[in-house]
Each structure stands twice: as structure tokens, then as C-alpha cells.
file final_37.pdb (PDB, C-alpha atoms)
ATOM      1  CA  MET X  26      25.772 -15.288 -37.738  1.00  0.00           C
ATOM      2  CA  THR X  27      23.712 -12.126 -38.163  1.00  0.00           C
ATOM      3  CA  PRO X  28      23.330 -10.332 -34.828  1.00  0.00           C
ATOM      4  CA  ARG X  29      19.835  -9.909 -33.388  1.00  0.00           C
ATOM      5  CA  ARG X  30      19.811  -6.381 -31.968  1.00  0.00           C
ATOM      6  CA  LEU X  31      17.993  -5.825 -28.677  1.00  0.00           C
ATOM      7  CA  GLY X  32      17.555  -2.195 -27.641  1.00  0.00           C
ATOM      8  CA  LEU X  33      17.326  -0.988 -24.056  1.00  0.00           C
ATOM      9  CA  LEU X  34      15.713   2.322 -23.135  1.00  0.00           C
ATOM     10  CA  LEU X  35      16.941   2.884 -19.602  1.00  0.00           C
ATOM     11  CA  PRO X  36      17.131   5.756 -17.117  1.00  0.00           C
ATOM     12  CA  SER X  37      20.452   7.568 -17.350  1.00  0.00           C
ATOM     13  CA  SER X  38      21.295   6.702 -13.730  1.00  0.00           C
ATOM     14  CA  GLY X  39      20.644   2.973 -14.212  1.00  0.00           C
ATOM     15  CA  THR X  40      23.729   0.771 -13.947  1.00  0.00           C
ATOM     16  CA  VAL X  41      22.340  -2.772 -13.611  1.00  0.00           C
ATOM     17  CA  GLN X  42      20.198  -3.386 -16.702  1.00  0.00           C
ATOM     18  CA  GLU X  43      22.990  -3.614 -19.256  1.00  0.00           C
ATOM     19  CA  THR X  44      24.987  -6.034 -17.105  1.00  0.00           C
ATOM     20  CA  ASP X  45      21.943  -8.225 -16.421  1.00  0.00           C
ATOM     21  CA  PHE X  46      21.117  -8.446 -20.131  1.00  0.00           C
ATOM     22  CA  HIS X  47      24.668  -8.789 -21.489  1.00  0.00           C
ATOM     23  CA  ARG X  48      25.399 -11.668 -19.105  1.00  0.00           C
ATOM     24  CA  ARG X  49      22.329 -13.668 -20.101  1.00  0.00           C
ATOM     25  CA  VAL X  50      21.519 -13.160 -23.784  1.00  0.00           C
ATOM     26  CA  PRO X  51      22.345 -15.956 -26.225  1.00  0.00           C
ATOM     27  CA  PRO X  52      25.402 -15.463 -28.464  1.00  0.00           C
ATOM     28  CA  GLU X  53      23.399 -14.251 -31.459  1.00  0.00           C
ATOM     29  CA  VAL X  54      21.819 -11.358 -29.523  1.00  0.00           C
ATOM     30  CA  THR X  55      23.577  -8.032 -28.989  1.00  0.00           C
ATOM     31  CA  VAL X  56      22.351  -5.444 -26.478  1.00  0.00           C
ATOM     32  CA  HIS X  57      22.424  -1.690 -27.157  1.00  0.00           C
ATOM     33  CA  ALA X  58      21.277   1.040 -24.772  1.00  0.00           C
ATOM     34  CA  ALA X  59      19.990   4.582 -25.027  1.00  0.00           C
ATOM     35  CA  ARG X  60      19.587   6.598 -21.838  1.00  0.00           C
ATOM     36  CA  MET X  61      16.656   8.710 -20.641  1.00  0.00           C
ATOM     37  CA  TYR X  62      17.723  11.486 -18.271  1.00  0.00           C
ATOM     38  CA  LEU X  63      16.836  10.598 -14.659  1.00  0.00           C
ATOM     39  CA  PRO X  64      18.959  12.089 -11.852  1.00  0.00           C
ATOM     40  CA  ALA X  65      17.116  10.371  -8.970  1.00  0.00           C
ATOM     41  CA  THR X  66      14.434   7.757  -8.393  1.00  0.00           C
ATOM     42  CA  THR X  67      11.626  10.087  -7.391  1.00  0.00           C
ATOM     43  CA  GLU X  68       8.123  10.511  -8.760  1.00  0.00           C
ATOM     44  CA  ALA X  69       8.844  14.083  -9.914  1.00  0.00           C
ATOM     45  CA  ASP X  70      12.020  13.091 -11.761  1.00  0.00           C
ATOM     46  CA  GLU X  71      10.336  10.088 -13.362  1.00  0.00           C
ATOM     47  CA  ILE X  72       7.499  12.273 -14.632  1.00  0.00           C
ATOM     48  CA  ARG X  73      10.049  14.670 -16.164  1.00  0.00           C
ATOM     49  CA  MET X  74      11.757  11.670 -17.754  1.00  0.00           C
ATOM     50  CA  LEU X  75       8.468  10.437 -19.217  1.00  0.00           C
ATOM     51  CA  ASP X  76       7.485  13.843 -20.550  1.00  0.00           C
ATOM     52  CA  GLY X  77      10.817  15.029 -21.903  1.00  0.00           C
ATOM     53  CA  HIS X  78      13.363  12.276 -22.386  1.00  0.00           C
ATOM     54  CA  VAL X  79      11.780   8.992 -23.459  1.00  0.00           C
ATOM     55  CA  LEU X  80      11.029   9.790 -27.085  1.00  0.00           C
ATOM     56  CA  PRO X  81      14.347  11.548 -27.856  1.00  0.00           C
ATOM     57  CA  ALA X  82      16.178   8.508 -26.451  1.00  0.00           C
ATOM     58  CA  ALA X  83      13.988   6.262 -28.598  1.00  0.00           C
ATOM     59  CA  ALA X  84      14.999   8.287 -31.652  1.00  0.00           C
ATOM     60  CA  ASP X  85      18.652   7.714 -30.767  1.00  0.00           C
ATOM     61  CA  LEU X  86      18.045   3.985 -30.355  1.00  0.00           C
ATOM     62  CA  ALA X  87      16.222   3.792 -33.696  1.00  0.00           C
ATOM     63  CA  THR X  88      19.493   4.440 -35.515  1.00  0.00           C
ATOM     64  CA  ILE X  89      20.745   0.924 -34.663  1.00  0.00           C
ATOM     65  CA  ARG X  90      17.564  -0.599 -36.192  1.00  0.00           C
ATOM     66  CA  PRO X  91      16.689  -2.838 -33.241  1.00  0.00           C
ATOM     67  CA  GLU X  92      14.495  -5.909 -33.624  1.00  0.00           C
ATOM     68  CA  VAL X  93      12.969  -5.409 -30.175  1.00  0.00           C
ATOM     69  CA  VAL X  94      13.179  -2.621 -27.590  1.00  0.00           C
ATOM     70  CA  VAL X  95      12.722  -2.877 -23.823  1.00  0.00           C
ATOM     71  CA  PHE X  96      11.375   0.116 -21.900  1.00  0.00           C
ATOM     72  CA  SER X  97      13.453  -0.547 -18.818  1.00  0.00           C
ATOM     73  CA  CYS X  98      11.833   1.323 -15.929  1.00  0.00           C
ATOM     74  CA  THR X  99       9.291  -0.497 -13.771  1.00  0.00           C
ATOM     75  CA  SER X 100       8.168   2.353 -11.529  1.00  0.00           C
ATOM     76  CA  ALA X 101       7.772   4.971 -14.282  1.00  0.00           C
ATOM     77  CA  ALA X 102       5.517   2.584 -16.209  1.00  0.00           C
ATOM     78  CA  ALA X 103       3.272   2.314 -13.130  1.00  0.00           C
ATOM     79  CA  LEU X 104       2.858   6.033 -12.451  1.00  0.00           C
ATOM     80  CA  ARG X 105       0.096   6.850 -14.937  1.00  0.00           C
ATOM     81  CA  GLY X 106      -1.688   3.550 -15.332  1.00  0.00           C
ATOM     82  CA  ARG X 107      -1.810   0.754 -17.840  1.00  0.00           C
ATOM     83  CA  ALA X 108      -3.459   2.732 -20.659  1.00  0.00           C
ATOM     84  CA  TYR X 109      -0.708   5.352 -20.532  1.00  0.00           C
ATOM     85  CA  GLU X 110       1.948   2.627 -20.456  1.00  0.00           C
ATOM     86  CA  ALA X 111       0.456   0.997 -23.559  1.00  0.00           C
ATOM     87  CA  GLY X 112       0.210   4.322 -25.374  1.00  0.00           C
ATOM     88  CA  LEU X 113       3.814   5.191 -24.547  1.00  0.00           C
ATOM     89  CA  CYS X 114       4.995   1.860 -25.914  1.00  0.00           C
ATOM     90  CA  GLU X 115       3.041   2.528 -29.115  1.00  0.00           C
ATOM     91  CA  GLU X 116       4.785   5.905 -29.471  1.00  0.00           C
ATOM     92  CA  ILE X 117       8.193   4.335 -28.879  1.00  0.00           C
ATOM     93  CA  GLY X 118       7.383   1.552 -31.342  1.00  0.00           C
ATOM     94  CA  ALA X 119       6.460   4.062 -34.047  1.00  0.00           C
ATOM     95  CA  ILE X 120       9.869   5.687 -33.623  1.00  0.00           C
ATOM     96  CA  VAL X 121      12.047   2.567 -33.391  1.00  0.00           C
ATOM     97  CA  GLN X 122       9.971   0.584 -35.927  1.00  0.00           C
ATOM     98  CA  ALA X 123      10.159  -2.516 -33.730  1.00  0.00           C
ATOM     99  CA  PRO X 124       8.088  -4.265 -31.042  1.00  0.00           C
ATOM    100  CA  VAL X 125       8.400  -2.660 -27.607  1.00  0.00           C
ATOM    101  CA  VAL X 126       8.392  -4.579 -24.326  1.00  0.00           C
ATOM    102  CA  SER X 127       7.451  -2.598 -21.235  1.00  0.00           C
ATOM    103  CA  THR X 128       9.138  -4.116 -18.192  1.00  0.00           C
ATOM    104  CA  LEU X 129       5.940  -3.840 -16.166  1.00  0.00           C
ATOM    105  CA  GLN X 130       3.944  -5.502 -18.954  1.00  0.00           C
ATOM    106  CA  ALA X 131       6.535  -8.290 -19.024  1.00  0.00           C
ATOM    107  CA  VAL X 132       6.211  -8.712 -15.262  1.00  0.00           C
ATOM    108  CA  ARG X 133       2.438  -9.064 -15.582  1.00  0.00           C
ATOM    109  CA  ALA X 134       2.876 -11.630 -18.362  1.00  0.00           C
ATOM    110  CA  GLU X 135       5.370 -13.664 -16.319  1.00  0.00           C
ATOM    111  CA  LEU X 136       3.090 -13.659 -13.287  1.00  0.00           C
ATOM    112  CA  GLY X 137       0.254 -14.774 -15.550  1.00  0.00           C
ATOM    113  CA  ARG X 138       2.314 -17.723 -16.812  1.00  0.00           C
ATOM    114  CA  LEU X 139       2.855 -18.726 -13.200  1.00  0.00           C
ATOM    115  CA  GLY X 140      -0.845 -18.473 -12.430  1.00  0.00           C
ATOM    116  CA  ALA X 141       0.029 -16.145  -9.538  1.00  0.00           C
ATOM    117  CA  ARG X 142      -2.874 -14.124  -8.187  1.00  0.00           C
ATOM    118  CA  SER X 143      -1.380 -12.994  -4.875  1.00  0.00           C
ATOM    119  CA  LEU X 144       1.988 -11.300  -4.496  1.00  0.00           C
ATOM    120  CA  ALA X 145       4.600 -10.214  -2.011  1.00  0.00           C
ATOM    121  CA  VAL X 146       6.278  -7.181  -3.583  1.00  0.00           C
ATOM    122  CA  VAL X 147       9.775  -5.930  -2.776  1.00  0.00           C
ATOM    123  CA  THR X 148      11.250  -2.676  -4.107  1.00  0.00           C
ATOM    124  CA  PRO X 149      14.174  -0.384  -3.364  1.00  0.00           C
ATOM    125  CA  TYR X 150      11.845   2.613  -3.758  1.00  0.00           C
ATOM    126  CA  PRO X 151      10.550   5.271  -1.377  1.00  0.00           C
ATOM    127  CA  ASP X 152       6.998   4.772  -0.163  1.00  0.00           C
ATOM    128  CA  ASP X 153       5.277   6.800  -2.891  1.00  0.00           C
ATOM    129  CA  LEU X 154       6.731   4.755  -5.750  1.00  0.00           C
ATOM    130  CA  THR X 155       6.163   1.462  -3.933  1.00  0.00           C
ATOM    131  CA  ALA X 156       2.529   2.526  -3.387  1.00  0.00           C
ATOM    132  CA  ALA X 157       2.130   3.436  -7.079  1.00  0.00           C
ATOM    133  CA  LEU X 158       3.423   0.044  -8.142  1.00  0.00           C
ATOM    134  CA  ARG X 159       1.173  -1.702  -5.632  1.00  0.00           C
ATOM    135  CA  ALA X 160      -1.862   0.236  -6.852  1.00  0.00           C
ATOM    136  CA  GLY X 161      -1.098  -0.674 -10.457  1.00  0.00           C
ATOM    137  CA  LEU X 162      -0.762  -4.367  -9.666  1.00  0.00           C
ATOM    138  CA  GLU X 163      -3.979  -4.340  -7.647  1.00  0.00           C
ATOM    139  CA  ALA X 164      -5.774  -2.585 -10.519  1.00  0.00           C
ATOM    140  CA  ASP X 165      -4.650  -5.490 -12.705  1.00  0.00           C
ATOM    141  CA  GLY X 166      -6.341  -7.923 -10.329  1.00  0.00           C
ATOM    142  CA  PHE X 167      -3.409  -9.089  -8.230  1.00  0.00           C
ATOM    143  CA  ALA X 168      -3.861  -9.321  -4.466  1.00  0.00           C
ATOM    144  CA  VAL X 169      -0.767  -7.727  -2.923  1.00  0.00           C
ATOM    145  CA  ARG X 170      -0.388  -9.412   0.468  1.00  0.00           C
ATOM    146  CA  ALA X 171       2.680  -7.383   1.434  1.00  0.00           C
ATOM    147  CA  ALA X 172       4.680  -4.602  -0.229  1.00  0.00           C
ATOM    148  CA  ALA X 173       7.839  -3.068   1.175  1.00  0.00           C
ATOM    149  CA  GLY X 174      10.518  -0.711  -0.122  1.00  0.00           C
ATOM    150  CA  LEU X 175      13.976   0.226   1.097  1.00  0.00           C
ATOM    151  CA  GLY X 176      13.276   3.955   0.816  1.00  0.00           C
ATOM    152  CA  LEU X 177      16.132   4.648  -1.601  1.00  0.00           C
ATOM    153  CA  ARG X 178      16.040   7.552  -4.072  1.00  0.00           C
ATOM    154  CA  ASP X 179      19.610   7.490  -5.370  1.00  0.00           C
ATOM    155  CA  SER X 180      19.925   5.070  -8.283  1.00  0.00           C
ATOM    156  CA  LEU X 181      23.557   4.280  -7.527  1.00  0.00           C
ATOM    157  CA  ALA X 182      22.608   3.437  -3.947  1.00  0.00           C
ATOM    158  CA  ILE X 183      19.896   1.141  -5.293  1.00  0.00           C
ATOM    159  CA  ALA X 184      22.395  -0.601  -7.562  1.00  0.00           C
ATOM    160  CA  ALA X 185      24.820  -0.996  -4.654  1.00  0.00           C
ATOM    161  CA  VAL X 186      22.438  -3.114  -2.541  1.00  0.00           C
ATOM    162  CA  PRO X 187      24.004  -6.606  -2.617  1.00  0.00           C
ATOM    163  CA  PRO X 188      21.936  -9.591  -3.747  1.00  0.00           C
ATOM    164  CA  GLU X 189      22.133 -11.237  -0.326  1.00  0.00           C
ATOM    165  CA  SER X 190      20.549  -8.162   1.266  1.00  0.00           C
ATOM    166  CA  ILE X 191      17.784  -8.176  -1.338  1.00  0.00           C
ATOM    167  CA  ALA X 192      17.184 -11.860  -0.629  1.00  0.00           C
ATOM    168  CA  ARG X 193      16.904 -11.275   3.136  1.00  0.00           C
ATOM    169  CA  PHE X 194      14.507  -8.359   2.600  1.00  0.00           C
ATOM    170  CA  ALA X 195      12.373 -10.405   0.226  1.00  0.00           C
ATOM    171  CA  VAL X 196      12.153 -13.328   2.638  1.00  0.00           C
ATOM    172  CA  GLU X 197      11.175 -11.010   5.509  1.00  0.00           C
ATOM    173  CA  THR X 198       8.508  -9.325   3.381  1.00  0.00           C
ATOM    174  CA  PHE X 199       7.071 -12.602   2.126  1.00  0.00           C
ATOM    175  CA  ARG X 200       6.764 -13.957   5.637  1.00  0.00           C
ATOM    176  CA  ARG X 201       4.645 -10.950   6.619  1.00  0.00           C
ATOM    177  CA  GLY X 202       2.201 -11.752   3.827  1.00  0.00           C
ATOM    178  CA  PRO X 203       2.650 -15.190   2.240  1.00  0.00           C
ATOM    179  CA  ALA X 204       1.537 -15.216  -1.389  1.00  0.00           C
ATOM    180  CA  ASP X 205       1.621 -17.196  -4.634  1.00  0.00           C
ATOM    181  CA  ALA X 206       4.780 -15.470  -5.829  1.00  0.00           C
ATOM    182  CA  VAL X 207       7.399 -12.859  -4.981  1.00  0.00           C
ATOM    183  CA  LEU X 208       7.986  -9.831  -7.210  1.00  0.00           C
ATOM    184  CA  VAL X 209      11.306  -8.040  -6.873  1.00  0.00           C
ATOM    185  CA  ALA X 210      10.727  -4.797  -8.760  1.00  0.00           C
ATOM    186  CA  CYS X 211      13.120  -2.206 -10.211  1.00  0.00           C
ATOM    187  CA  CYS X 212      15.435  -2.466 -13.180  1.00  0.00           C
ATOM    188  CA  THR X 213      18.525  -1.006 -11.492  1.00  0.00           C
ATOM    189  CA  PHE X 214      18.172  -3.342  -8.475  1.00  0.00           C
ATOM    190  CA  ARG X 215      20.124  -6.610  -8.409  1.00  0.00           C
ATOM    191  CA  GLY X 216      17.014  -8.734  -8.006  1.00  0.00           C
ATOM    192  CA  PHE X 217      17.973 -11.009 -10.907  1.00  0.00           C
ATOM    193  CA  ASP X 218      21.118 -12.035  -9.023  1.00  0.00           C
ATOM    194  CA  ALA X 219      19.112 -12.577  -5.811  1.00  0.00           C
ATOM    195  CA  ARG X 220      16.330 -14.577  -7.463  1.00  0.00           C
ATOM    196  CA  ASP X 221      17.633 -18.105  -6.951  1.00  0.00           C
ATOM    197  CA  ALA X 222      18.433 -17.523  -3.276  1.00  0.00           C
ATOM    198  CA  ILE X 223      14.947 -16.131  -2.621  1.00  0.00           C
ATOM    199  CA  ALA X 224      13.297 -19.078  -4.381  1.00  0.00           C
ATOM    200  CA  ARG X 225      15.378 -21.591  -2.412  1.00  0.00           C
ATOM    201  CA  ALA X 226      14.587 -19.910   0.899  1.00  0.00           C
ATOM    202  CA  LEU X 227      10.850 -19.674   0.315  1.00  0.00           C
ATOM    203  CA  GLY X 228      10.005 -22.508  -2.046  1.00  0.00           C
ATOM    204  CA  ALA X 229       7.968 -19.964  -4.003  1.00  0.00           C
ATOM    205  CA  PRO X 230       8.351 -18.637  -7.551  1.00  0.00           C
ATOM    206  CA  VAL X 231      10.175 -15.327  -7.923  1.00  0.00           C
ATOM    207  CA  VAL X 232       9.813 -12.791 -10.726  1.00  0.00           C
ATOM    208  CA  THR X 233      12.174  -9.835 -11.135  1.00  0.00           C
ATOM    209  CA  SER X 234      11.978  -6.843 -13.424  1.00  0.00           C
ATOM    210  CA  ASN X 235      14.984  -7.562 -15.621  1.00  0.00           C
ATOM    211  CA  GLN X 236      14.364 -11.318 -15.687  1.00  0.00           C
ATOM    212  CA  ALA X 237      10.803 -10.825 -16.912  1.00  0.00           C
ATOM    213  CA  ALA X 238      11.763  -8.161 -19.464  1.00  0.00           C
ATOM    214  CA  LEU X 239      14.620 -10.200 -20.902  1.00  0.00           C
ATOM    215  CA  ALA X 240      12.482 -13.334 -21.150  1.00  0.00           C
ATOM    216  CA  GLU X 241       9.739 -11.412 -22.978  1.00  0.00           C
ATOM    217  CA  ALA X 242      12.195  -9.706 -25.352  1.00  0.00           C
ATOM    218  CA  LEU X 243      13.744 -13.046 -26.263  1.00  0.00           C
ATOM    219  CA  ARG X 244      10.290 -14.489 -26.907  1.00  0.00           C
ATOM    220  CA  VAL X 245       9.606 -11.598 -29.288  1.00  0.00           C
ATOM    221  CA  LEU X 246      12.797 -12.583 -31.125  1.00  0.00           C
ATOM    222  CA  GLY X 247      11.594 -16.193 -31.276  1.00  0.00           C
ATOM    223  CA  LEU X 248      14.221 -17.330 -28.771  1.00  0.00           C
ATOM    224  CA  ASP X 249      14.009 -19.169 -25.466  1.00  0.00           C
ATOM    225  CA  PRO X 250      14.725 -17.533 -22.095  1.00  0.00           C
ATOM    226  CA  PRO X 251      18.232 -18.296 -20.775  1.00  0.00           C
ATOM    227  CA  ALA X 252      18.643 -21.780 -19.319  1.00  0.00           C
ATOM    228  CA  GLY X 253      17.793 -21.815 -15.660  1.00  0.00           C
ATOM    229  CA  GLU X 254      16.065 -18.446 -15.812  1.00  0.00           C
ATOM    230  CA  ALA X 255      12.514 -19.571 -16.606  1.00  0.00           C
ATOM    231  CA  PRO X 256       9.944 -19.057 -13.836  1.00  0.00           C
ATOM    232  CA  ARG X 257       9.735 -21.839 -11.283  1.00  0.00           C
TER     233      ARG X 257
END
call {"tool": "encode", "arguments": {"input": "final_37.pdb", "output": "C-alpha cells"}}
result
Amino acid sequence: MTPRRLGLLLPSSGTVQETDFHRRVPPEVTVHAARMYLPATTEADEIRMLDGHVLPAAADLATIRPEVVVFSCTSAAALRGRAYEAGLCEEIGAIVQAPVVSTLQAVRAELGRLGARSLAVVTPYPDDLTAALRAGLEADGFAVRAAAGLGLRDSLAIAAVPPESIARFAVETFRRGPADAVLVACCTFRGFDARDAIARALGAPVVTSNQAALAEALRVLGLDPPAGEAPR
């Protein structure tokens, strides 16, 4: 069987993406990461990452000749708007010579498949990044009924939040602003592992950053999302 190579462009301090993808790809898909320098989850550091570290990391990833590449940073994609996000993906694609999936674009696509127009949004971020994500979603036509973040700036602290805590936070947020769907944002947050518990508690569909990005990348490869991981 010839491996299907999936590339991940992830912040250097991210520790969840690789595990989420490795655990859920089909046997014929291999996952390979290149890291973009990001010491902390702050707007200033994410801007420095966008301006100085994305394209060099893409050049590194190009050497494995990936068939699809995921830009694995939800908040950074939201900072400068959808046109910038699309242009950045075009630049990455020109370097890696493969289709590029932006995590935020994948989230929008997954919400569209659900027919969700109103959202309850949960993040681990400080207020400024949560607000940027909310503004981007609202600019895309989604009504954000509630949005709440945990105020965390350290990526390792974000990754350390257990799924059961994420689930409780998501349920509390949703109940402040009931909506069509729940979005658990951030690629180094264990939202994928919390997704089923949130859906059971609320009876509402749940989209997470890594779940949406993986599903979209597999579609690009002509493969189905992992069993049990399709949107409810």
C-alpha cells in the first residue's frame, strides 16, 4: 500500500494536533508535521508567526511531497480576515505543491454541512483572540449566541485542560446562549476528545478544530472521515 502523506503545519508549542490526527487517520494515511515558531498563544506572537515562520515551515514540509497540507492554527487564521487566510493558503500551496486546508475554513465548511447558522463558541484563548474568532465567524454570517474563553496564553496549559473540563465549560456556555451547534475552537485544545460528551449532554451537534480539519483533509484525499467522527 502506497502511503498517502498528510502534512501538518502547526505552531511549535502545539502538542495535541499530531496525536489527534495519528489516532484517527485510516491505515493508508501517514501524518507529518512541520512547526511554526510560536512561544505563546497571544495575538502578538501569532502575528510574528504569520509574518516570519509559516512559509519557511511550509518549505520544510514540501520536502516530504505531501498530498494535502493542513494549516493547523484556528486563531491565527482569524486574525486578519478571510481574504488574508485564503491568500496565505495559496502561498503555502505554491510552496508545498498540494491542496491546503485551513482549519478555520474547514470549520466553516463543517458548520455549513450541518446547516448551522447560530453558534455557541468555546475557546481556551484570552479575550482578544476569542473576540477575533467571534468577529470572523459573525462576518461569515454566523450568529454567535455565546462565546467564552478560558483566558489561557500558554500552549502547554491549553493542552493540559482535560476533556471533561472542556465538556463542562462547553455545556455551561451553550446554556447561556442556546444555538444550532457548538464550536470548540483551537488546535492544541483537546476538544476532539470532549466532543462526544458535549453532544450527549446537549443533544446538539459539535464541531471542533481538529475534527473539522481532519475530515476536510481526508475528503481532499478522496477518503471518508473516521467512523463515528462525522458531524451529528
call {"tool": "resolve_selection", "arguments": {"input": "final_37.pdb", "expression": "the PyMOL selection byres ((chain X and resi 67-81) around 12)", "output": "NGL selection string"}}
result
:X and (33-38 or 59-66 or 82-88 or 95-105 or 109-110 or 112-121 or 149-158 or 176-180)
call {"tool": "residues_around", "arguments": {"input": "final_37.pdb", "residues": "Ala210 in chain X", "least_positions_apart": "3", "cutoff": "12 Å", "atoms": "all atoms listed in the file", "output": "ChimeraX atom specification"}}
result
/X:97-103,128-129,131-133,144-150,154-155,158-159,162,172-175,183,191,195,207,213-217,219-220,231-238
call {"tool": "atom_distance", "arguments": {"input": "final_37.pdb", "atom1": "CA of Ser127 in chain X", "atom2": "CA of Glu241 in chain X"}}
result
9.3 Å
call {"tool": "atom_distance", "arguments": {"input": "final_37.pdb", "atom1": "CA of Asp249 in chain X", "atom2": "CA of Glu53 in chain X"}}
result
12.2 Å
call {"tool": "atom_distance", "arguments": {"input": "final_37.pdb", "atom1": "CA of Ala111 in chain X", "atom2": "CA of Leu136 in chain X"}}
result
18.1 Å
call {"tool": "closest_residue", "arguments": {"input": "final_37.pdb", "among": "X:Arg138, X:Arg170, X:Arg225, X:Arg30", "to": "Val93 in chain X", "atoms": "all atoms listed in the file"}}
result
X:Arg30
call {"tool": "build_atoms", "arguments": {"input": "final_37.pdb", "residues": "range 164-183 of chain X", "atoms": "N, CA and C atoms", "output": "short mmCIF file (atom, residue, chain, number, x, y, z; two decimals), in the coordinates of the input"}}
result
data_model
loop_
_atom_site.label_atom_id
_atom_site.label_comp_id
_atom_site.auth_asym_id
_atom_site.auth_seq_id
_atom_site.Cartn_x
_atom_site.Cartn_y
_atom_site.Cartn_z
N ALA X 164 -4.83 -2.92 -9.45
CA ALA X 164 -5.77 -2.58 -10.52
C ALA X 164 -5.81 -3.66 -11.59
N ASP X 165 -4.71 -4.39 -11.74
CA ASP X 165 -4.65 -5.49 -12.70
C ASP X 165 -5.21 -6.78 -12.15
N GLY X 166 -5.69 -6.76 -10.89
CA GLY X 166 -6.34 -7.92 -10.33
C GLY X 166 -5.49 -8.77 -9.41
N PHE X 167 -4.25 -8.35 -9.16
CA PHE X 167 -3.41 -9.09 -8.23
C PHE X 167 -3.73 -8.67 -6.79
N ALA X 168 -3.73 -9.62 -5.89
CA ALA X 168 -3.86 -9.32 -4.47
C ALA X 168 -2.45 -9.17 -3.89
N VAL X 169 -2.10 -7.97 -3.47
CA VAL X 169 -0.77 -7.73 -2.92
C VAL X 169 -0.84 -7.94 -1.42
N ARG X 170 -0.31 -9.06 -0.95
CA ARG X 170 -0.39 -9.41 0.47
C ARG X 170 0.57 -8.59 1.32
N ALA X 171 1.70 -8.22 0.74
CA ALA X 171 2.68 -7.38 1.43
C ALA X 171 3.48 -6.65 0.38
N ALA X 172 3.83 -5.39 0.67
CA ALA X 172 4.68 -4.60 -0.23
C ALA X 172 5.59 -3.75 0.63
N ALA X 173 6.87 -3.81 0.36
CA ALA X 173 7.84 -3.07 1.18
C ALA X 173 8.95 -2.54 0.29
N GLY X 174 9.41 -1.32 0.60
CA GLY X 174 10.52 -0.71 -0.12
C GLY X 174 11.64 -0.33 0.83
N LEU X 175 12.82 -0.15 0.28
CA LEU X 175 13.98 0.23 1.10
C LEU X 175 14.10 1.73 1.29
N GLY X 176 13.25 2.51 0.62
CA GLY X 176 13.28 3.96 0.82
C GLY X 176 14.41 4.67 0.11
N LEU X 177 14.97 4.07 -0.92
CA LEU X 177 16.13 4.65 -1.60
C LEU X 177 15.69 5.50 -2.79
N ARG X 178 16.32 6.66 -2.95
CA ARG X 178 16.04 7.55 -4.07
C ARG X 178 17.23 7.69 -5.02
N ASP X 179 18.41 7.38 -4.55
CA ASP X 179 19.61 7.49 -5.37
C ASP X 179 19.81 6.19 -6.14
N SER X 180 19.84 6.28 -7.46
CA SER X 180 19.92 5.07 -8.28
C SER X 180 21.21 4.29 -8.05
N LEU X 181 22.30 4.99 -7.78
CA LEU X 181 23.56 4.28 -7.53
C LEU X 181 23.51 3.56 -6.19
N ALA X 182 22.80 4.13 -5.23
CA ALA X 182 22.61 3.44 -3.95
C ALA X 182 21.74 2.20 -4.14
N ILE X 183 20.74 2.30 -4.99
CA ILE X 183 19.90 1.14 -5.29
C ILE X 183 20.74 0.03 -5.92
#
